[in-house]
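Structure data follow from work_18.tsv (TSV, C-alpha atoms):
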chain	number	residue	atom	x	y	z
A	1025	LYS	CA	-20.55	-18.30	-70.63
A	1026	SER	CA	-17.78	-19.91	-72.68
A	1027	LEU	CA	-15.51	-16.86	-72.55
A	1028	SER	CA	-15.99	-16.60	-68.79
A	1029	ALA	CA	-15.11	-20.28	-68.45
A	1030	LEU	CA	-12.06	-19.71	-70.65
A	1031	GLY	CA	-10.97	-16.89	-68.34
A	1032	LEU	CA	-11.38	-19.19	-65.32
A	1033	VAL	CA	-9.33	-21.92	-66.99
A	1034	ILE	CA	-6.56	-19.46	-67.85
A	1035	ASN	CA	-6.59	-18.13	-64.28
A	1036	ALA	CA	-6.36	-21.67	-62.93
A	1037	LEU	CA	-3.49	-22.55	-65.27
A	1038	THR	CA	-1.49	-19.45	-64.36
A	1039	ASP	CA	-2.02	-19.85	-60.60
A	1040	ASP	CA	0.42	-22.36	-59.09
A	1041	LYS	CA	-1.80	-22.93	-56.04
A	1042	VAL	CA	-4.83	-24.19	-57.99
A	1043	THR	CA	-5.09	-27.99	-58.17
A	1044	HIS	CA	-8.19	-28.29	-60.39
A	1045	VAL	CA	-8.59	-26.75	-63.84
A	1046	PRO	CA	-12.28	-26.48	-64.82
A	1047	TYR	CA	-12.03	-27.60	-68.47
A	1048	ARG	CA	-15.49	-29.21	-68.40
A	1049	ASP	CA	-17.33	-25.98	-67.59
A	1050	SER	CA	-17.92	-25.17	-71.27
A	1051	LYS	CA	-17.62	-26.70	-74.72
A	1052	LEU	CA	-15.00	-24.12	-75.69
A	1053	THR	CA	-12.64	-24.96	-72.84
A	1054	ARG	CA	-13.18	-28.68	-73.45
A	1055	VAL	CA	-12.19	-28.28	-77.11
A	1056	LEU	CA	-9.18	-26.14	-76.19
A	1057	GLN	CA	-8.04	-28.43	-73.36
A	1058	ASP	CA	-5.03	-29.86	-75.22
A	1059	SER	CA	-4.00	-26.45	-76.52
A	1060	LEU	CA	-4.26	-24.75	-73.16
A	1061	GLY	CA	-2.99	-27.70	-71.14
A	1062	GLY	CA	0.50	-27.62	-72.51
A	1063	ASN	CA	0.90	-30.14	-75.32
A	1064	ALA	CA	0.59	-27.67	-78.18
A	1065	LYS	CA	1.93	-24.42	-79.45
A	1066	THR	CA	-0.87	-21.92	-79.04
A	1067	ALA	CA	-1.38	-18.43	-80.43
A	1068	LEU	CA	-4.01	-15.97	-79.26
A	1069	ILE	CA	-5.10	-12.95	-81.27
A	1070	LEU	CA	-6.90	-10.16	-79.44
A	1071	THR	CA	-9.03	-7.59	-81.19
A	1072	ILE	CA	-9.38	-4.20	-79.51
A	1073	SER	CA	-10.91	-0.87	-80.41
A	1074	ALA	CA	-9.46	2.62	-80.21
A	1075	SER	CA	-12.91	4.10	-79.63
A	1076	LYS	CA	-13.72	5.62	-76.22
A	1077	ILE	CA	-17.11	3.93	-76.09
A	1078	HIS	CA	-15.40	0.52	-76.16
A	1079	LEU	CA	-12.80	1.42	-73.51
A	1080	ASN	CA	-14.07	-1.08	-70.90
A	1081	GLU	CA	-14.13	-3.95	-73.39
A	1082	THR	CA	-10.67	-3.03	-74.64
A	1083	LEU	CA	-9.23	-2.97	-71.12
A	1084	ALA	CA	-10.89	-6.28	-70.25
A	1085	THR	CA	-9.52	-7.81	-73.46
A	1086	LEU	CA	-6.01	-6.56	-72.69
A	1087	ARG	CA	-6.19	-7.94	-69.13
A	1088	PHE	CA	-7.36	-11.26	-70.53
A	1089	GLY	CA	-4.50	-11.24	-73.04
A	1090	GLU	CA	-1.98	-10.53	-70.29
A	1091	ARG	CA	-3.27	-13.45	-68.24
A	1092	ALA	CA	-3.19	-15.70	-71.30
A	1093	ARG	CA	0.36	-14.57	-72.07
A	1094	GLN	CA	1.48	-15.87	-68.68
A	1095	LEU	CA	0.57	-19.43	-69.71
A	1096	LYS	CA	3.69	-21.46	-70.30
A	1097	THR	CA	3.03	-24.47	-72.50
A	1098	LYS	CA	5.58	-27.22	-73.01
A	1099	PRO	CA	4.83	-28.87	-76.36
A	1100	ARG	CA	6.32	-32.31	-76.82
A	1101	ILE	CA	6.17	-35.05	-79.38
A	1102	ASN	CA	3.69	-37.76	-78.49
A	1103	SER	CA	5.91	-40.72	-77.71
A	1104	GLU	CA	3.01	-43.15	-78.12
A	1105	GLY	CA	2.86	-42.31	-81.81
A	1106	ILE	CA	6.57	-42.86	-82.21
A	1107	SER	CA	6.65	-46.14	-80.31
A	1108	GLY	CA	3.59	-47.31	-82.24
A	1109	GLU	CA	5.34	-46.48	-85.48
A	1110	ILE	CA	8.44	-48.40	-84.37
A	1111	ALA	CA	6.28	-51.40	-83.49
A	1112	LEU	CA	4.60	-51.29	-86.90
A	1113	LYS	CA	7.96	-51.10	-88.68
A	1114	LYS	CA	9.20	-54.07	-86.67
A	1115	ALA	CA	6.07	-56.06	-87.50
A	1116	LEU	CA	6.49	-55.20	-91.18
A	1117	GLN	CA	10.11	-56.36	-91.12
A	1118	LEU	CA	9.09	-59.65	-89.46
A	1119	ALA	CA	6.36	-60.16	-92.06
A	1120	LYS	CA	8.87	-59.57	-94.90
A	1121	GLU	CA	11.24	-62.11	-93.38
A	1122	LYS	CA	8.42	-64.64	-93.03
A	1123	ILE	CA	7.49	-64.10	-96.70
A	1124	GLN	CA	11.08	-64.79	-97.73
A	1125	VAL	CA	11.16	-68.04	-95.71
A	1126	LEU	CA	7.81	-69.19	-97.10
A	1127	THR	CA	8.84	-68.29	-100.66
A	1128	TYR	CA	12.01	-70.38	-100.26
A	1129	GLU	CA	10.03	-73.31	-98.82
A	1130	LEU	CA	7.49	-73.08	-101.64
A	1131	ALA	CA	10.26	-73.15	-104.24
A	1132	GLU	CA	11.75	-76.25	-102.60
A	1133	LEU	CA	8.38	-78.02	-102.54
A	1134	GLN	CA	7.72	-77.16	-106.18
A	1135	GLU	CA	11.14	-78.49	-107.16
A	1136	LYS	CA	10.50	-81.69	-105.21
A	1137	ASN	CA	7.09	-82.06	-106.85
A	1138	ASN	CA	8.58	-81.61	-110.33
A	1139	LYS	CA	11.21	-84.29	-109.60
A	1140	ASN	CA	8.49	-86.71	-108.45
A	1141	LYS	CA	6.54	-86.09	-111.66
A	1142	ASP	CA	9.64	-86.73	-113.76
A	1143	ASN	CA	10.37	-89.97	-111.87
A	1144	ASN	CA	6.79	-91.16	-112.37
A	1145	LYS	CA	6.98	-90.43	-116.13
A	1146	ASN	CA	10.22	-92.40	-116.50
A	1147	ARG	CA	8.75	-95.55	-114.94

Encoded form (structure tokens):
Amino acid sequence: KSLSALGLVINALTDDKVTHVPYRDSKLTRVLQDSLGGNAKTALILTISASKIHLNETLATLRFGERARQLKTKPRINSEGISGEIALKKALQLAKEKIQVLTYELAELQEKNNKNKDNNKNR
């Protein structure tokens, strides 16, 4: 069933007139959805036999491979990951700046506290 569904998905992806791709028809096509749908580089290895008794299977496999070869995927970098990374770097930079400001303020308060202690001792 899964291989038949995979064949239907590949047919749908290679046919410009089809508006619905039946990824949910099997677990296999659901797992391969991202690979077949265009956001990945995909390789397909076909195994065939030179024996006459397997001629029908070999021809069916070659036809399937030809249909699969017609798929044109367009892999791209996920921009969400990149923008998320930029946001994290920006947040990290802001946190470092805040630490510097707080460290400076802490040093000032400690210095002020030490001066008050010295003044109280001298009285």

- A:Pro1046: which residues within 8 Å, counting only C-alpha atoms, same-chain residues fewer than 3 positions away excluded, as a list in words?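 Answer for this query is Ala1029, Leu1032, Val1033, Ala1036 and Asp1049 of chain A.
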
Skip A:Asp1040 itself and residues of its chain fewer than 6 positions away, then list as an mmCIF file with C-alpha atoms, keeping the file's coordinate frame all residues within 12 Å of it, counting only C-alpha atoms.
data_model
loop_
_atom_site.group_PDB
_atom_site.id
_atom_site.type_symbol
_atom_site.label_atom_id
_atom_site.label_comp_id
_atom_site.auth_asym_id
_atom_site.auth_seq_id
_atom_site.Cartn_x
_atom_site.Cartn_y
_atom_site.Cartn_z
ATOM 1 C CA ILE A 1034 -6.560 -19.460 -67.850
ATOM 2 C CA GLN A 1094 1.480 -15.870 -68.680
ATOM 3 C CA LEU A 1095 0.570 -19.430 -69.710
ATOM 4 C CA LYS A 1096 3.690 -21.460 -70.300
#

Selected residue of minimal separation from A:Ser1050 among A:Ser1028, A:Thr1085, A:Gln1117, A:Thr1038, counting all atoms listed in the file: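 The answer is A:Ser1028, which sits nearest to A:Ser1050.
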
Would you kindly return, as a PyMOL selection string, each protein, DNA or RNA residue with an atom no farther than 12 Å from any atom of stretch 1070-1081 of chain A, considering all atoms listed in the file and excluding same-chain residues fewer than 4 positions away? chain A and resi 1085-1090+1092-1093

note - atom CA of A:Thr1097 and atom CA of A:Leu1060 are separated by 7.3 Å

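Atom CA of A:His1044 is found 17.5 Å from atom CA of A:Arg1091.
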
| atom CA of A:Leu1056 to atom CA of A:Gly1031: how many Å, to one decimal? |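 These atoms are spaced 12.3 Å apart.
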
Find the axis-aligned box for stretch 1048-1054 of chain A, covering all its listed atoms and adding 8 Å on each side, and write its centre and edge lengths in Å to one decimal as AutoDock Vina command-line options.
--center_x -15.3 --center_y -26.7 --center_z -71.6 --size_x 21.3 --size_y 21.1 --size_z 24.1

Q) Between A:Asn1146, A:Ala1064, A:Leu1027, A:Asn1138, which one has atoms that come closest to A:Ala1084, using all atoms listed in the file? A)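 Closest to A:Ala1084, using all atoms listed in the file: A:Leu1027.
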
Of A:Leu1030, A:Val1042, A:Ala1119, A:Leu1083, the one nearest to A:Arg1054 when counting all atoms listed in the file is A:Leu1030
